[in-house]
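Asks: See entry.txt below, with compact mmCIF, N, CA and C atoms.
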```txt
# COMPACT_ATOMS: atom_id res chain seq x y z
N MET A 1094 16.43 -2.96 -22.30
CA MET A 1094 16.04 -2.74 -20.93
C MET A 1094 15.72 -1.25 -20.69
N GLU A 1095 16.45 -0.38 -21.36
CA GLU A 1095 16.22 1.05 -21.21
C GLU A 1095 14.82 1.43 -21.68
N GLN A 1096 14.35 0.82 -22.77
CA GLN A 1096 13.00 1.10 -23.27
C GLN A 1096 11.95 0.63 -22.27
N PHE A 1097 12.21 -0.49 -21.62
CA PHE A 1097 11.29 -0.98 -20.59
C PHE A 1097 11.20 0.02 -19.45
N ARG A 1098 12.33 0.52 -19.00
CA ARG A 1098 12.35 1.52 -17.92
C ARG A 1098 11.58 2.79 -18.34
N GLU A 1099 11.80 3.24 -19.56
CA GLU A 1099 11.11 4.43 -20.06
C GLU A 1099 9.59 4.19 -20.13
N ALA A 1100 9.20 3.01 -20.57
CA ALA A 1100 7.77 2.69 -20.66
C ALA A 1100 7.13 2.67 -19.27
N THR A 1101 7.82 2.10 -18.29
CA THR A 1101 7.25 2.08 -16.94
C THR A 1101 7.14 3.49 -16.36
N GLU A 1102 8.11 4.34 -16.65
CA GLU A 1102 8.04 5.74 -16.20
C GLU A 1102 6.90 6.47 -16.89
N ASP A 1103 6.76 6.29 -18.19
CA ASP A 1103 5.70 6.96 -18.95
C ASP A 1103 4.32 6.55 -18.45
N CYS A 1104 4.18 5.31 -18.00
CA CYS A 1104 2.89 4.80 -17.53
C CYS A 1104 2.71 4.95 -16.02
N ASP A 1105 3.66 5.61 -15.36
CA ASP A 1105 3.61 5.80 -13.91
C ASP A 1105 3.53 4.46 -13.18
N LEU A 1106 4.33 3.49 -13.60
CA LEU A 1106 4.34 2.17 -12.97
C LEU A 1106 5.53 2.04 -12.04
N GLN A 1107 5.27 1.48 -10.85
CA GLN A 1107 6.33 1.22 -9.89
C GLN A 1107 6.35 -0.28 -9.59
N ASP A 1108 7.53 -0.79 -9.32
CA ASP A 1108 7.68 -2.18 -8.94
C ASP A 1108 7.12 -2.35 -7.53
N LEU A 1109 6.33 -3.39 -7.31
CA LEU A 1109 5.71 -3.62 -6.01
C LEU A 1109 6.60 -4.40 -5.05
N GLY A 1110 7.78 -4.78 -5.51
CA GLY A 1110 8.67 -5.55 -4.65
C GLY A 1110 8.18 -6.99 -4.52
N TYR A 1111 8.66 -7.70 -3.50
CA TYR A 1111 8.27 -9.10 -3.33
C TYR A 1111 8.64 -9.57 -1.93
N VAL A 1112 8.05 -10.69 -1.57
CA VAL A 1112 8.40 -11.42 -0.36
C VAL A 1112 8.81 -12.81 -0.82
N GLY A 1113 9.86 -13.34 -0.26
CA GLY A 1113 10.31 -14.68 -0.65
C GLY A 1113 11.64 -14.62 -1.38
N ASP A 1114 11.93 -15.69 -2.09
CA ASP A 1114 13.19 -15.80 -2.82
C ASP A 1114 13.27 -14.73 -3.90
N ALA A 1115 14.40 -14.07 -4.01
CA ALA A 1115 14.57 -13.01 -5.01
C ALA A 1115 14.58 -13.56 -6.42
N PHE A 1116 14.99 -14.79 -6.57
CA PHE A 1116 15.08 -15.39 -7.91
C PHE A 1116 13.81 -16.19 -8.20
N ASN A 1117 13.08 -15.80 -9.26
CA ASN A 1117 11.84 -16.51 -9.55
C ASN A 1117 11.92 -17.37 -10.80
N TRP A 1118 13.13 -17.58 -11.32
CA TRP A 1118 13.34 -18.51 -12.42
C TRP A 1118 14.66 -19.23 -12.20
N ARG A 1119 14.71 -20.50 -12.58
CA ARG A 1119 15.95 -21.28 -12.51
C ARG A 1119 15.99 -22.22 -13.71
N ASN A 1120 17.18 -22.61 -14.11
CA ASN A 1120 17.30 -23.44 -15.30
C ASN A 1120 17.26 -24.94 -15.01
N ASN A 1121 17.09 -25.35 -13.77
CA ASN A 1121 16.95 -26.75 -13.35
C ASN A 1121 18.20 -27.59 -13.60
N HIS A 1122 19.35 -27.00 -13.84
CA HIS A 1122 20.58 -27.77 -13.96
C HIS A 1122 21.03 -28.15 -12.56
N HIS A 1123 21.53 -29.35 -12.42
CA HIS A 1123 21.93 -29.83 -11.10
C HIS A 1123 23.44 -29.70 -10.88
N ASN A 1124 24.15 -29.25 -11.89
CA ASN A 1124 25.59 -29.02 -11.79
C ASN A 1124 25.80 -27.56 -11.37
N ALA A 1125 26.54 -27.33 -10.32
CA ALA A 1125 26.74 -25.97 -9.79
C ALA A 1125 27.33 -25.03 -10.83
N GLY A 1126 28.15 -25.54 -11.73
CA GLY A 1126 28.80 -24.70 -12.73
C GLY A 1126 27.84 -24.17 -13.79
N SER A 1127 26.75 -24.87 -14.04
CA SER A 1127 25.81 -24.43 -15.07
C SER A 1127 24.45 -24.02 -14.51
N TYR A 1128 24.34 -23.99 -13.18
CA TYR A 1128 23.07 -23.61 -12.54
C TYR A 1128 22.89 -22.10 -12.61
N ILE A 1129 21.74 -21.67 -13.10
CA ILE A 1129 21.47 -20.23 -13.26
C ILE A 1129 20.13 -19.92 -12.57
N ARG A 1130 20.12 -18.80 -11.85
CA ARG A 1130 18.88 -18.27 -11.26
C ARG A 1130 18.77 -16.81 -11.66
N GLU A 1131 17.54 -16.37 -11.95
CA GLU A 1131 17.30 -14.98 -12.37
C GLU A 1131 16.03 -14.45 -11.73
N TRP A 1132 15.96 -13.12 -11.64
CA TRP A 1132 14.73 -12.45 -11.23
C TRP A 1132 14.11 -11.90 -12.49
N LEU A 1133 13.12 -12.60 -13.04
CA LEU A 1133 12.51 -12.22 -14.31
C LEU A 1133 11.13 -11.59 -14.14
N ASP A 1134 10.30 -12.18 -13.30
CA ASP A 1134 8.91 -11.75 -13.17
C ASP A 1134 8.78 -10.65 -12.12
N ARG A 1135 8.07 -9.60 -12.48
CA ARG A 1135 7.86 -8.47 -11.59
C ARG A 1135 6.39 -8.09 -11.58
N ALA A 1136 5.96 -7.50 -10.50
CA ALA A 1136 4.60 -6.98 -10.41
C ALA A 1136 4.70 -5.46 -10.39
N LEU A 1137 3.97 -4.82 -11.29
CA LEU A 1137 3.99 -3.36 -11.42
C LEU A 1137 2.59 -2.80 -11.23
N ALA A 1138 2.51 -1.59 -10.73
CA ALA A 1138 1.21 -0.92 -10.58
C ALA A 1138 1.42 0.58 -10.63
N ASN A 1139 0.37 1.29 -11.03
CA ASN A 1139 0.46 2.75 -11.04
C ASN A 1139 0.00 3.31 -9.69
N THR A 1140 0.16 4.59 -9.51
CA THR A 1140 -0.14 5.23 -8.22
C THR A 1140 -1.61 5.08 -7.85
N ALA A 1141 -2.51 5.25 -8.81
CA ALA A 1141 -3.94 5.14 -8.50
C ALA A 1141 -4.28 3.75 -7.98
N TRP A 1142 -3.72 2.72 -8.60
CA TRP A 1142 -3.98 1.35 -8.16
C TRP A 1142 -3.41 1.12 -6.76
N ARG A 1143 -2.22 1.66 -6.51
CA ARG A 1143 -1.59 1.47 -5.20
C ARG A 1143 -2.39 2.15 -4.10
N TRP A 1144 -3.05 3.27 -4.41
CA TRP A 1144 -3.91 3.93 -3.42
C TRP A 1144 -5.11 3.06 -3.10
N LYS A 1145 -5.63 2.34 -4.09
CA LYS A 1145 -6.79 1.48 -3.86
C LYS A 1145 -6.42 0.22 -3.09
N PHE A 1146 -5.18 -0.23 -3.24
CA PHE A 1146 -4.72 -1.45 -2.59
C PHE A 1146 -3.42 -1.20 -1.83
N PRO A 1147 -3.48 -0.44 -0.72
CA PRO A 1147 -2.26 -0.08 0.00
C PRO A 1147 -1.60 -1.24 0.73
N LEU A 1148 -2.33 -2.33 0.94
CA LEU A 1148 -1.79 -3.45 1.70
C LEU A 1148 -1.28 -4.57 0.80
N VAL A 1149 -1.07 -4.26 -0.48
CA VAL A 1149 -0.65 -5.29 -1.44
C VAL A 1149 0.67 -5.94 -1.02
N GLN A 1150 0.75 -7.24 -1.27
CA GLN A 1150 1.98 -7.99 -1.00
C GLN A 1150 2.17 -8.97 -2.15
N VAL A 1151 3.35 -8.95 -2.76
CA VAL A 1151 3.68 -9.86 -3.85
C VAL A 1151 4.58 -10.94 -3.28
N ILE A 1152 4.21 -12.20 -3.52
CA ILE A 1152 4.94 -13.33 -2.94
C ILE A 1152 5.50 -14.20 -4.05
N ASN A 1153 6.81 -14.43 -4.02
CA ASN A 1153 7.44 -15.40 -4.91
C ASN A 1153 7.34 -16.75 -4.20
N ASP A 1154 6.38 -17.56 -4.62
CA ASP A 1154 6.04 -18.81 -3.94
C ASP A 1154 7.00 -19.94 -4.32
N ASP A 1155 6.76 -21.12 -3.78
CA ASP A 1155 7.60 -22.29 -4.07
C ASP A 1155 7.36 -22.78 -5.49
N PRO A 1156 8.43 -23.16 -6.20
CA PRO A 1156 8.29 -23.53 -7.61
C PRO A 1156 7.64 -24.89 -7.84
N ARG A 1157 7.64 -25.76 -6.88
CA ARG A 1157 7.12 -27.12 -7.00
C ARG A 1157 7.73 -27.84 -8.20
N HIS A 1158 7.00 -28.00 -9.30
CA HIS A 1158 7.48 -28.80 -10.44
C HIS A 1158 7.72 -27.93 -11.67
N SER A 1159 8.21 -26.74 -11.49
CA SER A 1159 8.40 -25.83 -12.61
C SER A 1159 9.73 -25.12 -12.46
N ASP A 1160 10.16 -24.49 -13.54
CA ASP A 1160 11.37 -23.68 -13.46
C ASP A 1160 11.05 -22.25 -13.03
N HIS A 1161 9.77 -21.89 -12.93
CA HIS A 1161 9.32 -20.57 -12.47
C HIS A 1161 8.65 -20.69 -11.11
N ARG A 1162 8.89 -19.69 -10.28
CA ARG A 1162 8.14 -19.57 -9.03
C ARG A 1162 6.83 -18.86 -9.36
N PRO A 1163 5.71 -19.36 -8.87
CA PRO A 1163 4.46 -18.60 -9.09
C PRO A 1163 4.52 -17.28 -8.33
N VAL A 1164 4.08 -16.22 -8.96
CA VAL A 1164 4.03 -14.91 -8.33
C VAL A 1164 2.59 -14.69 -7.88
N ILE A 1165 2.41 -14.59 -6.58
CA ILE A 1165 1.08 -14.46 -5.99
C ILE A 1165 0.94 -13.04 -5.46
N MET A 1166 -0.18 -12.41 -5.79
CA MET A 1166 -0.42 -11.05 -5.31
C MET A 1166 -1.60 -11.06 -4.34
N GLU A 1167 -1.31 -10.70 -3.10
CA GLU A 1167 -2.36 -10.55 -2.10
C GLU A 1167 -2.62 -9.06 -1.94
N VAL A 1168 -3.85 -8.65 -2.14
CA VAL A 1168 -4.16 -7.22 -2.08
C VAL A 1168 -4.61 -6.78 -0.69
N GLY A 1169 -4.66 -7.68 0.26
CA GLY A 1169 -5.06 -7.33 1.62
C GLY A 1169 -6.56 -7.46 1.77
N GLU A 1170 -6.98 -7.45 3.00
CA GLU A 1170 -8.40 -7.58 3.27
C GLU A 1170 -9.11 -6.27 2.96
N ARG A 1171 -10.30 -6.40 2.47
CA ARG A 1171 -11.11 -5.21 2.23
C ARG A 1171 -11.60 -4.69 3.58
N GLU A 1172 -11.53 -3.40 3.72
CA GLU A 1172 -11.97 -2.80 4.97
C GLU A 1172 -13.47 -2.57 4.92
N VAL A 1173 -14.13 -2.99 5.97
CA VAL A 1173 -15.59 -2.88 6.04
C VAL A 1173 -15.95 -1.48 6.51
N TRP A 1174 -16.83 -0.85 5.80
CA TRP A 1174 -17.29 0.49 6.17
C TRP A 1174 -18.49 0.32 7.09
N ARG A 1175 -18.27 0.57 8.38
CA ARG A 1175 -19.34 0.45 9.35
C ARG A 1175 -19.62 1.82 9.97
N TRP A 1176 -20.85 2.15 10.05
CA TRP A 1176 -21.24 3.40 10.68
C TRP A 1176 -21.70 3.10 12.10
N GLU A 1177 -21.38 4.00 13.01
CA GLU A 1177 -21.77 3.82 14.41
C GLU A 1177 -23.28 3.95 14.58
N SER A 1178 -23.89 4.85 13.85
CA SER A 1178 -25.34 5.02 13.93
C SER A 1178 -25.88 5.21 12.53
N PRO A 1179 -27.17 4.91 12.31
CA PRO A 1179 -27.73 4.99 10.96
C PRO A 1179 -27.62 6.36 10.31
N GLY A 1180 -27.68 7.43 11.09
CA GLY A 1180 -27.63 8.77 10.53
C GLY A 1180 -26.24 9.36 10.39
N GLU A 1181 -25.23 8.60 10.79
CA GLU A 1181 -23.86 9.12 10.78
C GLU A 1181 -23.36 9.29 9.35
N VAL A 1182 -22.67 10.39 9.13
CA VAL A 1182 -22.09 10.68 7.83
C VAL A 1182 -20.58 10.65 7.97
N MET A 1183 -19.89 10.09 6.99
CA MET A 1183 -18.44 10.05 7.06
C MET A 1183 -17.88 11.46 7.00
N ARG A 1184 -17.02 11.78 7.93
CA ARG A 1184 -16.41 13.10 7.96
C ARG A 1184 -15.38 13.20 6.85
N ILE A 1185 -15.25 14.39 6.31
CA ILE A 1185 -14.28 14.61 5.24
C ILE A 1185 -13.24 15.62 5.71
N PHE A 1186 -12.13 15.61 5.06
CA PHE A 1186 -11.06 16.55 5.35
C PHE A 1186 -11.44 17.91 4.77
N GLU A 1187 -11.31 18.95 5.57
CA GLU A 1187 -11.64 20.30 5.13
C GLU A 1187 -10.38 20.99 4.62
N ALA A 1188 -10.39 21.44 3.38
CA ALA A 1188 -9.21 22.06 2.76
C ALA A 1188 -8.77 23.31 3.53
N ARG A 1189 -9.69 24.00 4.18
CA ARG A 1189 -9.33 25.22 4.91
C ARG A 1189 -8.40 24.94 6.07
N TRP A 1190 -8.37 23.69 6.55
CA TRP A 1190 -7.47 23.34 7.65
C TRP A 1190 -6.01 23.49 7.22
N LEU A 1191 -5.73 23.30 5.95
CA LEU A 1191 -4.35 23.40 5.46
C LEU A 1191 -3.78 24.80 5.63
N GLU A 1192 -4.65 25.79 5.77
CA GLU A 1192 -4.20 27.16 5.98
C GLU A 1192 -3.74 27.39 7.42
N GLU A 1193 -4.08 26.46 8.30
CA GLU A 1193 -3.71 26.59 9.71
C GLU A 1193 -2.30 26.06 9.94
N GLU A 1194 -1.53 26.77 10.71
CA GLU A 1194 -0.14 26.41 10.98
C GLU A 1194 0.00 25.06 11.67
N ASP A 1195 -0.94 24.71 12.54
CA ASP A 1195 -0.84 23.50 13.35
C ASP A 1195 -1.43 22.26 12.69
N CYS A 1196 -1.94 22.37 11.49
CA CYS A 1196 -2.64 21.25 10.86
C CYS A 1196 -1.76 20.01 10.72
N ALA A 1197 -0.58 20.15 10.13
CA ALA A 1197 0.30 18.99 9.91
C ALA A 1197 0.66 18.32 11.23
N ALA A 1198 0.96 19.13 12.25
CA ALA A 1198 1.31 18.57 13.56
C ALA A 1198 0.12 17.82 14.16
N LYS A 1199 -1.08 18.36 13.97
CA LYS A 1199 -2.28 17.72 14.50
C LYS A 1199 -2.52 16.37 13.82
N VAL A 1200 -2.29 16.30 12.51
CA VAL A 1200 -2.45 15.04 11.78
C VAL A 1200 -1.43 14.01 12.28
N GLU A 1201 -0.17 14.41 12.40
CA GLU A 1201 0.87 13.50 12.87
C GLU A 1201 0.56 13.00 14.29
N GLU A 1202 0.11 13.90 15.13
CA GLU A 1202 -0.21 13.53 16.51
C GLU A 1202 -1.36 12.52 16.55
N ALA A 1203 -2.42 12.79 15.79
CA ALA A 1203 -3.58 11.90 15.75
C ALA A 1203 -3.21 10.54 15.17
N TRP A 1204 -2.40 10.53 14.11
CA TRP A 1204 -1.97 9.28 13.47
C TRP A 1204 -1.16 8.44 14.47
N GLY A 1205 -0.21 9.10 15.15
CA GLY A 1205 0.62 8.40 16.13
C GLY A 1205 -0.19 7.83 17.28
N SER A 1206 -1.13 8.59 17.79
CA SER A 1206 -1.93 8.10 18.92
C SER A 1206 -2.83 6.94 18.49
N ALA A 1207 -3.32 6.98 17.25
CA ALA A 1207 -4.14 5.87 16.75
C ALA A 1207 -3.31 4.59 16.66
N LEU A 1208 -2.08 4.70 16.20
CA LEU A 1208 -1.21 3.52 16.10
C LEU A 1208 -0.87 2.98 17.49
N ILE A 1209 -0.62 3.87 18.44
CA ILE A 1209 -0.32 3.45 19.81
C ILE A 1209 -1.53 2.73 20.42
N ASP A 1210 -2.74 3.20 20.08
CA ASP A 1210 -3.96 2.58 20.60
C ASP A 1210 -4.27 1.24 19.93
N GLY A 1211 -3.48 0.86 18.90
CA GLY A 1211 -3.67 -0.44 18.27
C GLY A 1211 -4.50 -0.43 17.00
N THR A 1212 -4.76 0.75 16.46
CA THR A 1212 -5.50 0.83 15.20
C THR A 1212 -4.67 0.20 14.10
N THR A 1213 -5.31 -0.66 13.28
CA THR A 1213 -4.54 -1.39 12.28
C THR A 1213 -4.99 -1.15 10.85
N THR A 1214 -6.25 -0.78 10.62
CA THR A 1214 -6.69 -0.60 9.24
C THR A 1214 -6.64 0.87 8.85
N LEU A 1215 -6.47 1.10 7.55
CA LEU A 1215 -6.43 2.48 7.05
C LEU A 1215 -7.75 3.20 7.30
N PHE A 1216 -8.85 2.49 7.18
CA PHE A 1216 -10.16 3.10 7.42
C PHE A 1216 -10.27 3.59 8.86
N GLU A 1217 -9.81 2.77 9.81
CA GLU A 1217 -9.85 3.17 11.21
C GLU A 1217 -8.90 4.34 11.47
N LEU A 1218 -7.70 4.29 10.87
CA LEU A 1218 -6.74 5.40 11.03
C LEU A 1218 -7.32 6.70 10.49
N GLN A 1219 -7.92 6.61 9.31
CA GLN A 1219 -8.53 7.80 8.71
C GLN A 1219 -9.64 8.34 9.61
N GLY A 1220 -10.47 7.45 10.12
CA GLY A 1220 -11.56 7.88 11.00
C GLY A 1220 -11.04 8.55 12.26
N HIS A 1221 -9.98 8.00 12.83
CA HIS A 1221 -9.41 8.58 14.05
C HIS A 1221 -8.83 9.97 13.77
N VAL A 1222 -8.05 10.09 12.69
CA VAL A 1222 -7.43 11.37 12.35
C VAL A 1222 -8.51 12.41 12.05
N LEU A 1223 -9.51 12.03 11.26
CA LEU A 1223 -10.58 12.99 10.94
C LEU A 1223 -11.36 13.38 12.19
N GLY A 1224 -11.60 12.43 13.08
CA GLY A 1224 -12.30 12.75 14.33
C GLY A 1224 -11.53 13.78 15.15
N GLU A 1225 -10.21 13.56 15.23
CA GLU A 1225 -9.36 14.51 15.97
C GLU A 1225 -9.35 15.88 15.29
N LEU A 1226 -9.30 15.91 13.97
CA LEU A 1226 -9.31 17.19 13.25
C LEU A 1226 -10.64 17.92 13.41
N TRP A 1227 -11.74 17.19 13.38
CA TRP A 1227 -13.04 17.84 13.57
C TRP A 1227 -13.17 18.38 14.99
N GLU A 1228 -12.66 17.64 15.97
CA GLU A 1228 -12.69 18.12 17.35
C GLU A 1228 -11.82 19.37 17.49
N TRP A 1229 -10.65 19.36 16.88
CA TRP A 1229 -9.74 20.52 16.86
C TRP A 1229 -10.44 21.69 16.19
N ASP A 1230 -11.11 21.45 15.09
CA ASP A 1230 -11.83 22.49 14.37
C ASP A 1230 -12.90 23.12 15.27
N ARG A 1231 -13.66 22.28 15.96
CA ARG A 1231 -14.76 22.77 16.79
C ARG A 1231 -14.27 23.50 18.04
N SER A 1232 -13.26 22.91 18.71
CA SER A 1232 -12.84 23.48 20.00
C SER A 1232 -11.80 24.58 19.87
N VAL A 1233 -10.87 24.48 18.92
CA VAL A 1233 -9.78 25.45 18.82
C VAL A 1233 -10.06 26.51 17.76
N LEU A 1234 -10.44 26.05 16.58
CA LEU A 1234 -10.67 27.00 15.50
C LEU A 1234 -12.03 27.71 15.61
N GLY A 1235 -12.96 27.08 16.31
CA GLY A 1235 -14.25 27.70 16.56
C GLY A 1235 -15.18 27.71 15.37
N SER A 1236 -15.02 26.80 14.45
CA SER A 1236 -15.92 26.75 13.28
C SER A 1236 -17.16 25.95 13.61
```
Could you render the structure as structure tokens?

Replies:
Amino acid sequence: MEQFREATEDCDLQDLGYVGDAFNWRNNHHNAGSYIREWLDRALANTAWRWKFPLVQVINDDPRHSDHRPVIMEVGEREVWRWESPGEVMRIFEARWLEEEDCAAKVEEAWGSALIDGTTTLFELQGHVLGELWEWDRSVLGS
């Protein structure tokens, strides 16, 4: 088991957790004294993959006619990239903002207000935060 842990660390793999029953294998014995359940199957991913699929959910489903529960991975809905107008360009984060003392507070404030307004997708959250930062840049920083 120690070698498995070392291999997952070396490969930058993290356990994705699960939803459902913690035990995804059983020995099908009907006698309580010999009934065994274990958590054997796991879903792992590296940091790059997790950034691409932030809404991933691993589900330990119903076993039906097997001693194993099927492990289902839902990666979430793909976010549609829609532009408001044909000439609109996606705003990017400007590294020079990090030199400003108020940058982190501005990001937290924009993120919080977007969530309060009901924003649910990462693309919409990013757009809201970047919009607020660009407005801050134009009106306060004067760039």

Asks: Give me, please, the distance in Å between atom C of Trp1190 (chain A) and CA of Asn1139 (chain A), quoted to one decimal.

Replies: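 Going from atom C of Trp1190 (chain A) over to CA of Asn1139 (chain A) covers 28.4 Å.
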
Asks: Nearest to Leu1223 (chain A): which of A:Ala1115, A:Val1149, A:Ile1185, A:Met1166 is it, counting all atoms listed in the file?

Replies: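 Using all atoms listed in the file, Leu1223 (chain A) sits closest to A:Ile1185.
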
Asks: To one decimal in Å, tell me the separation between CA of Ser1232 (chain A) and CA of Thr1212 (chain A).

Replies: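 The value is 24.3 Å.
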
Asks: How many Å lie between CA of Thr1214 (chain A) and CA of Glu1202 (chain A), rounded to one decimal?

Replies: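 Computing the Euclidean distance for CA of Thr1214 (chain A) and CA of Glu1202 (chain A) yields 17.2 Å.
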
Asks: So, counting only C-alpha atoms, which residue among A:Met1094, A:Ala1141, A:Ala1136, A:Val1112 is closest to Asp1154 (chain A)?

Replies: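 Among the listed residues, A:Val1112 lies closest to Asp1154 (chain A).
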
Asks: Considering only N, CA and C atoms, can you say which of A:Glu1228, A:Glu1095, A:Gln1150, A:His1161 comes closest to Asn1120 (chain A)?

Replies: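 Selected residue with least distance to Asn1120 (chain A): A:His1161.
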
Asks: Write out as number ranges by chain the set of residues from region 1103-1160 of chain A that DSSP, computed on the backbone, places in strand (DSSP E or B).

Replies: A: 1106-1108, 1112-1113, 1118-1119, 1130-1131, 1137-1139, 1150-1153

Asks: Out of A:Leu1109, A:Ala1203, A:Leu1226, A:Ile1209, which residue has the shortest atom-to-atom distance to Val1164 (chain A) when counting only C-alpha atoms?

Replies: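 So, comparing all the options, the nearest one is A:Leu1109.
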